[in-house]
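One structure is given below, encoded as structure tokens.
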Amino acid sequence: MASLSLTRNALARTATGSTHRLGGRSHYHHFAACAHPKNIIDTHRTPAMTTTTTTTTFAIPTPHRQPAAAIARNVAAARWFASYPPHDVVGMPSLSPTMETGTISSWNVDVGSTFAPGDVICSVETDKATVDFEAQDEGVVARIIIEAGSGEIKCGTPIMITVQDPGDVSAFADYVVEGATTAAADAAPATDASPSVTPSSHPTTTTTTKTIADSAPASAVPVPPGGEGGGGGGGGGRVSASPRAHTLAKERGYGDITALKIAGTGPGGRIIARDVMDYVPPGASVRETAVVPAAAAAAIAVPSYPAALASRLHSSKRNVPHYYLTIDISLDSLLDLRSTLNSAMKLADGERGIAVNDLLMKAAAAAMRTVPAANSSWLGDKIRVYDTVDINVVVGAGSGLYAPVIRDVGRRGLKAVSDDAASVVSVVEGGGDPTSVPGFGDVGTFTMVNLGMFGVKSCAPIIREPQACALALGVIENRIVPNDDPKSDEIYKESVMMTATLSCDHRVVDGAVGAGWMSAFKNHVENPLTLLL
């Protein structure tokens, strides 16, 4: 009687078109699309009984009566389903409001694997993104119906079987999706797939089935002839195509996909992206659509020093936990001091004098005295704090990019620092040998890069190991800023401003230390007389 009760329950679920849920989205039992039975007489003989029990199932009023052959198939499907242990047939989930089809890119579980709430069952590729399908309950994977990479699958199409008892997994080794087969048979009786017979371990009712391995993924819901699954173009009815197919048709200049005579290979004749990619417009030859390989590009040799610098920066970006701090700084007072100093030196025509970058280097070195933790290196099990501030100044561009070091910027005078920087710039810009510059190839304790000449407002530089910080300076420009002069009647004023960005190694310089250094740097730049102390 228990088997009879299970059959009755299966027929009741069939009559109501019940669905189950996994991951918060609906999926069909394999017989969920069966016709509604009415006054069906079911003769069921149990192994322990010799008496034939006749029962009348529920009388469900339906708007459309099914032929006798379809009703017989539904009864057979219910008996066949009842022979399996309790299980769920999981369908392709709808992972977004507009998702109609998807492709399983990878399975994260195998047959026999247990899963818990929150575990990723598989990754599903949609037209817009790859989304993880997560379980909302625990269970065991009994069978994977559709393998990864099998093409586009319509939402609701069965993709796997789950059970609660691991001992029930072996019962589904030869499981086939009965509901999908019945639906396909109703929609298109003529099929080129070879029929197979349900294994003899199941009830003796013979049903013709088509395994998943022998066909493309089929929808568990019957597709009415001439409806949405009618395929692509030329039939006069509605053309069913995936959103990706519509987009590809427009991108390739084919126009509206409904005007194209494309034979869909998706479920129910649906036009998928692959069909559009394989489509050859009328009058176009294969030669015209063939991909012409691009001409080989010239290989440019990279000099040894830029190659070594690129390798060092690549390693640093991978190993160092960077974070960035940005601040706007007024240069009005600094420019006034520069003008005063250059006037006092009575420069000859063409002589460089003190550059803005020289003063900014001195300000960075002065900030290191205020916050010495920024002038440090990470050595794995210890941190080394340096007494002198040796600054690598990035000059040049492309294959002519160099970062020579200016030694002891904090203790030496401004004129001496300016002369060293001038000699470096003259060699690089004049096409000389950079290796002749003192400090070429050395790694200092801090790096500065100025991109203002390129009009760049700010950038986030890569720290050169084993340094802990790198400073990037942006373009110097006039900006309208709030007027902080209490004696002025103007609300705003024009000021020469610059944006500075500090990259910090979080292992050495935490957020508070980095912010302290930036504050000290800003103070020295906006009050440049402190640089002369």
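We name chains A, B, ... following the order of the structure tokens; residues begin at 1 in each chain, and ligands are numbered from 1 as shown.
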
Excluding same-chain residues fewer than 6 positions from A:Pro466, what lies within 9 Å of it counting only C-alpha atoms, as an mmCIF file with N, CA and C atoms, in the first residue's frame?
data_model
loop_
_atom_site.group_PDB
_atom_site.id
_atom_site.type_symbol
_atom_site.label_atom_id
_atom_site.label_comp_id
_atom_site.auth_asym_id
_atom_site.auth_seq_id
_atom_site.Cartn_x
_atom_site.Cartn_y
_atom_site.Cartn_z
ATOM 1 N N SER A 316 56.932 44.037 -7.189
ATOM 2 C CA SER A 316 56.443 44.852 -6.076
ATOM 3 C C SER A 316 54.922 44.923 -6.062
ATOM 4 N N SER A 376 61.244 53.639 5.717
ATOM 5 C CA SER A 376 61.558 52.311 6.254
ATOM 6 C C SER A 376 61.459 51.260 5.154
ATOM 7 N N SER A 377 61.847 50.044 5.505
ATOM 8 C CA SER A 377 61.757 48.902 4.591
ATOM 9 C C SER A 377 61.229 47.696 5.336
ATOM 10 N N TRP A 378 60.436 46.871 4.622
ATOM 11 C CA TRP A 378 59.929 45.613 5.172
ATOM 12 C C TRP A 378 60.933 44.518 4.860
ATOM 13 N N LEU A 379 61.437 43.848 5.893
ATOM 14 C CA LEU A 379 62.447 42.796 5.731
ATOM 15 C C LEU A 379 61.930 41.435 6.174
ATOM 16 N N VAL A 443 68.938 51.668 -5.446
ATOM 17 C CA VAL A 443 67.590 51.793 -4.881
ATOM 18 C C VAL A 443 67.688 52.590 -3.591
ATOM 19 N N THR A 445 65.563 55.053 -0.493
ATOM 20 C CA THR A 445 64.592 54.747 0.567
ATOM 21 C C THR A 445 63.195 55.279 0.246
#

Selection: 8 Å around A:Lys362, only C-alpha atoms, excl. self and same-chain fewer than 2 positions, as a ChimeraX atom specification:
/A:358-360,364-366,409-410,414,531

Which one is closest to A:Arg369: A:Glu477, A:Asp336, A:Asp127, A:Asp387? Count only C-alpha atoms.
A:Asp387

In Å to one decimal, how far is atom CA of A:Ile463 from atom CA of A:Lys317?
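Pair atom CA of A:Lys317 / atom CA of A:Ile463 returns 7.2 Å.
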
Residues within 12 Å of A:Ala355, please, as a list in words. Count only C-alpha atoms; anything in the same chain fewer than 5 positions from it doesn't count.
Leu334, Leu335, Leu337, Arg338, Ser339, Leu341, Asn342, Leu360, Met361, Lys362, Leu414, Lys415, Val417, Ser418, Asp419, Asp420, Ala421, Ala422 and Val425 of chain A

Could you save those same residues with N, CA and C atoms as a short mmCIF file (atom, residue, chain, number, x, y, z; two decimals), in the first residue's frame?
data_model
loop_
_atom_site.label_atom_id
_atom_site.label_comp_id
_atom_site.auth_asym_id
_atom_site.auth_seq_id
_atom_site.Cartn_x
_atom_site.Cartn_y
_atom_site.Cartn_z
N LEU A 334 55.41 78.42 -1.99
CA LEU A 334 56.59 77.72 -2.51
C LEU A 334 57.10 78.42 -3.77
N LEU A 335 56.20 78.84 -4.65
CA LEU A 335 56.62 79.52 -5.87
C LEU A 335 57.23 80.88 -5.56
N LEU A 337 58.93 81.59 -2.82
CA LEU A 337 60.27 81.31 -2.30
C LEU A 337 61.22 80.95 -3.43
N ARG A 338 60.78 80.15 -4.37
CA ARG A 338 61.62 79.76 -5.51
C ARG A 338 62.05 81.00 -6.29
N SER A 339 61.09 81.88 -6.54
CA SER A 339 61.42 83.10 -7.28
C SER A 339 62.44 83.95 -6.52
N LEU A 341 64.72 82.89 -4.30
CA LEU A 341 66.03 82.23 -4.29
C LEU A 341 66.72 82.35 -5.64
N ASN A 342 66.00 82.15 -6.72
CA ASN A 342 66.62 82.24 -8.05
C ASN A 342 67.06 83.67 -8.35
N LEU A 360 60.19 70.33 -3.74
CA LEU A 360 59.28 69.25 -3.31
C LEU A 360 60.07 68.06 -2.75
N MET A 361 61.26 67.80 -3.31
CA MET A 361 62.11 66.75 -2.74
C MET A 361 62.55 67.11 -1.32
N LYS A 362 62.92 68.37 -1.13
CA LYS A 362 63.31 68.80 0.22
C LYS A 362 62.13 68.71 1.18
N LEU A 414 69.88 72.86 -0.35
CA LEU A 414 68.95 72.86 -1.48
C LEU A 414 69.70 72.99 -2.80
N LYS A 415 70.76 73.82 -2.85
CA LYS A 415 71.52 74.00 -4.09
C LYS A 415 72.23 72.72 -4.50
N VAL A 417 71.30 69.60 -3.80
CA VAL A 417 70.28 68.68 -4.28
C VAL A 417 69.83 69.07 -5.68
N SER A 418 69.68 70.38 -5.92
CA SER A 418 69.25 70.86 -7.23
C SER A 418 70.29 70.54 -8.30
N ASP A 419 71.58 70.68 -7.97
CA ASP A 419 72.63 70.39 -8.95
C ASP A 419 72.65 68.92 -9.33
N ASP A 420 72.47 68.01 -8.36
CA ASP A 420 72.43 66.57 -8.67
C ASP A 420 71.24 66.24 -9.57
N ALA A 421 70.09 66.82 -9.25
CA ALA A 421 68.91 66.55 -10.07
C ALA A 421 69.09 67.11 -11.48
N ALA A 422 69.71 68.27 -11.60
CA ALA A 422 69.93 68.89 -12.92
C ALA A 422 70.85 68.03 -13.77
N VAL A 425 68.90 65.04 -15.16
CA VAL A 425 67.97 65.41 -16.22
C VAL A 425 68.71 65.73 -17.50
#

Distance query stretch 139-153 of chain A at most 9 Å, only C-alpha atoms, self and fewer than 2 positions along chain excluded, as a compact mmCIF listing (two decimals) with C-alpha atoms, in the first residue's frame:
# COMPACT_ATOMS: atom_id res chain seq x y z
CA HIS A 87 14.51 12.84 -5.03
CA MET A 92 18.37 25.35 -14.89
CA GLU A 100 15.97 32.93 -20.47
CA THR A 101 18.88 30.62 -21.18
CA GLY A 102 22.27 29.89 -19.69
CA THR A 103 25.35 27.74 -20.16
CA ILE A 104 26.91 25.66 -17.38
CA SER A 105 30.56 26.68 -17.48
CA SER A 106 31.69 24.40 -14.64
CA TRP A 107 30.34 22.03 -11.99
CA VAL A 109 30.19 19.13 -7.28
CA ASP A 110 30.39 15.54 -8.48
CA VAL A 111 27.99 12.62 -8.29
CA GLY A 112 27.87 11.52 -4.66
CA SER A 113 29.02 14.89 -3.35
CA THR A 114 27.15 16.36 -0.39
CA PHE A 115 26.34 20.07 -0.28
CA ALA A 116 25.13 22.48 2.37
CA CYS A 122 27.79 25.24 -10.50
CA GLU A 125 27.18 31.74 -17.93
CA THR A 126 24.48 34.18 -19.01
CA ALA A 135 22.29 25.79 -2.67
CA ASP A 137 19.40 23.44 1.52
CA CYS A 155 15.60 27.93 -17.81
CA GLY A 156 13.69 25.06 -16.21
CA THR A 157 15.47 22.33 -18.18
CA PRO A 158 16.54 19.52 -15.78
CA ILE A 159 20.26 19.67 -15.07
CA MET A 160 20.77 17.37 -12.05
CA ILE A 161 19.13 15.03 -9.51
CA THR A 162 19.50 15.47 -5.74
CA VAL A 163 18.61 13.15 -2.87
CA GLN A 164 18.79 13.31 0.90
CA ASP A 165 20.21 9.83 1.58
CA PRO A 166 23.67 9.06 0.13
CA ASP A 168 20.07 6.40 -2.83
CA VAL A 169 22.66 7.74 -5.28
CA SER A 170 23.27 4.42 -7.07
CA ALA A 171 19.59 4.11 -7.99
CA PHE A 172 19.95 7.03 -10.42
CA ALA A 173 22.92 5.73 -12.42
CA ASP A 174 20.70 5.13 -15.47
CA TYR A 175 18.14 7.84 -14.80
CA VAL A 176 16.59 9.56 -17.83
CA VAL A 177 14.44 12.68 -17.90
CA ILE A 212 20.47 13.36 -22.41
CA ALA A 213 23.72 12.12 -23.94
CA ALA A 216 20.76 18.53 -27.01
CA PRO A 217 19.29 19.75 -23.70
CA ALA A 218 15.50 19.68 -23.99
CA SER A 219 12.96 21.71 -22.09
CA GLY A 266 18.70 25.57 -29.36
CA PRO A 267 15.93 23.94 -27.31
CA ILE A 272 21.21 30.86 -30.06
CA ALA A 273 24.40 32.90 -30.36
CA ARG A 274 26.28 30.09 -32.12

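Computed from the coordinates, the atom CA of A:Ala249 to atom CA of A:Lys128 distance equals 16.4 Å.
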
As a VMD selection string, list the residues of stretch 342-394 of chain A assigned to strand (DSSP E or B) by DSSP on the backbone atoms of this structure.
chain A and resid 376 to 378 383 to 385 391 to 393

Distance atom CA of A:Arg412-atom CA of A:Ala363, one decimal place?
12.6 Å

Write down as a ChimeraX atom specification the residues belonging to stretch 410-522 of chain A that are assigned alpha helix (DSSP H) by DSSP computed on the backbone.
/A:414-429,511-522

Selection above as a file: N, CA, C and O atoms, as a CSV table (one decimal), in the first residue's frame:
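selection_13.csv written:
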chain,number,residue,atom,x,y,z
A,414,LEU,N,69.9,72.9,-0.4
A,414,LEU,CA,69.0,72.9,-1.5
A,414,LEU,C,69.7,73.0,-2.8
A,414,LEU,O,69.3,72.3,-3.8
A,415,LYS,N,70.8,73.8,-2.8
A,415,LYS,CA,71.5,74.0,-4.1
A,415,LYS,C,72.2,72.7,-4.5
A,415,LYS,O,72.3,72.4,-5.7
A,416,ALA,N,72.8,72.0,-3.5
A,416,ALA,CA,73.5,70.7,-3.9
A,416,ALA,C,72.5,69.7,-4.4
A,416,ALA,O,72.8,69.0,-5.4
A,417,VAL,N,71.3,69.6,-3.8
A,417,VAL,CA,70.3,68.7,-4.3
A,417,VAL,C,69.8,69.1,-5.7
A,417,VAL,O,69.7,68.2,-6.6
A,418,SER,N,69.7,70.4,-5.9
A,418,SER,CA,69.3,70.9,-7.2
A,418,SER,C,70.3,70.5,-8.3
A,418,SER,O,69.9,70.2,-9.4
A,419,ASP,N,71.6,70.7,-8.0
A,419,ASP,CA,72.6,70.4,-9.0
A,419,ASP,C,72.6,68.9,-9.3
A,419,ASP,O,72.8,68.6,-10.5
A,420,ASP,N,72.5,68.0,-8.4
A,420,ASP,CA,72.4,66.6,-8.7
A,420,ASP,C,71.2,66.2,-9.6
A,420,ASP,O,71.4,65.5,-10.5
A,421,ALA,N,70.1,66.8,-9.3
A,421,ALA,CA,68.9,66.6,-10.1
A,421,ALA,C,69.1,67.1,-11.5
A,421,ALA,O,68.7,66.5,-12.5
A,422,ALA,N,69.7,68.3,-11.6
A,422,ALA,CA,69.9,68.9,-12.9
A,422,ALA,C,70.9,68.0,-13.8
A,422,ALA,O,70.6,67.9,-15.0
A,423,SER,N,71.9,67.5,-13.2
A,423,SER,CA,72.8,66.6,-13.9
A,423,SER,C,72.1,65.4,-14.4
A,423,SER,O,72.4,64.9,-15.6
A,424,VAL,N,71.3,64.8,-13.7
A,424,VAL,CA,70.5,63.6,-14.1
A,424,VAL,C,69.6,63.9,-15.3
A,424,VAL,O,69.6,63.2,-16.3
A,425,VAL,N,68.9,65.0,-15.2
A,425,VAL,CA,68.0,65.4,-16.2
A,425,VAL,C,68.7,65.7,-17.5
A,425,VAL,O,68.3,65.3,-18.6
A,426,SER,N,69.8,66.4,-17.4
A,426,SER,CA,70.6,66.8,-18.6
A,426,SER,C,71.1,65.6,-19.3
A,426,SER,O,71.1,65.6,-20.6
A,427,VAL,N,71.6,64.6,-18.6
A,427,VAL,CA,72.1,63.3,-19.2
A,427,VAL,C,71.0,62.6,-20.0
A,427,VAL,O,71.1,62.2,-21.1
A,428,VAL,N,69.8,62.4,-19.3
A,428,VAL,CA,68.7,61.7,-19.9
A,428,VAL,C,68.1,62.4,-21.1
A,428,VAL,O,67.9,61.8,-22.1
A,429,GLU,N,67.8,63.7,-20.9
A,429,GLU,CA,67.2,64.5,-22.0
A,429,GLU,C,68.2,64.8,-23.1
A,429,GLU,O,67.8,64.9,-24.3
A,511,GLY,N,47.5,53.4,8.0
A,511,GLY,CA,46.8,54.5,7.6
A,511,GLY,C,47.1,55.8,8.4
A,511,GLY,O,47.2,56.9,7.8
A,512,ALA,N,47.2,55.7,9.7
A,512,ALA,CA,47.5,56.8,10.5
A,512,ALA,C,48.9,57.4,10.3
A,512,ALA,O,49.1,58.6,10.2
A,513,VAL,N,49.9,56.5,10.1
A,513,VAL,CA,51.2,57.0,9.8
A,513,VAL,C,51.3,57.7,8.4
A,513,VAL,O,51.9,58.7,8.3
A,514,GLY,N,50.6,57.0,7.4
A,514,GLY,CA,50.6,57.6,6.1
A,514,GLY,C,49.9,59.0,6.1
A,514,GLY,O,50.4,59.9,5.4
A,515,ALA,N,48.8,59.1,6.8
A,515,ALA,CA,48.1,60.4,6.9
A,515,ALA,C,49.0,61.4,7.6
A,515,ALA,O,49.0,62.6,7.2
A,516,GLY,N,49.7,61.0,8.6
A,516,GLY,CA,50.6,62.0,9.3
A,516,GLY,C,51.7,62.5,8.4
A,516,GLY,O,52.1,63.6,8.4
A,517,TRP,N,52.2,61.6,7.6
A,517,TRP,CA,53.3,62.0,6.6
A,517,TRP,C,52.8,63.0,5.6
A,517,TRP,O,53.4,64.0,5.3
A,518,MET,N,51.6,62.7,5.1
A,518,MET,CA,51.0,63.6,4.1
A,518,MET,C,50.7,65.0,4.7
A,518,MET,O,50.9,66.0,4.0
A,519,SER,N,50.3,65.0,5.9
A,519,SER,CA,50.0,66.3,6.6
A,519,SER,C,51.3,67.1,6.8
A,519,SER,O,51.3,68.3,6.6
A,520,ALA,N,52.4,66.4,7.2
A,520,ALA,CA,53.7,67.0,7.3
A,520,ALA,C,54.2,67.5,6.0
A,520,ALA,O,54.7,68.6,5.9
A,521,PHE,N,54.0,66.8,4.9
A,521,PHE,CA,54.5,67.2,3.6
A,521,PHE,C,53.7,68.4,3.2
A,521,PHE,O,54.3,69.4,2.7
A,522,LYS,N,52.4,68.4,3.3
A,522,LYS,CA,51.6,69.6,3.0
A,522,LYS,C,52.0,70.8,3.7
A,522,LYS,O,52.1,71.9,3.2

What lies within 9 Å of A:Phe454 using only C-alpha atoms, ignoring chain neighbours under 3 positions off, as a tab-separated table (two decimals) with N, CA and C atoms, in the first residue's frame?
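The resulting out_30.tsv:
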chain	number	residue	atom	x	y	z
A	451	LEU	N	54.40	63.78	-12.86
A	451	LEU	CA	53.75	63.65	-14.16
A	451	LEU	C	53.06	64.94	-14.59
A	457	LYS	N	46.68	64.88	-13.59
A	457	LYS	CA	46.32	65.51	-12.31
A	457	LYS	C	46.77	64.66	-11.13
A	474	GLY	N	51.10	65.68	-9.37
A	474	GLY	CA	50.31	65.99	-10.56
A	474	GLY	C	50.62	67.36	-11.12
A	475	VAL	N	49.80	67.77	-12.08
A	475	VAL	CA	50.00	69.02	-12.79
A	475	VAL	C	49.79	70.21	-11.86

Would you please work out which residue, of A:Pro85, A:Tyr492, A:Lys487, A:Leu401, is nearest to A:Val302 when using only C-alpha atoms?
A:Leu401
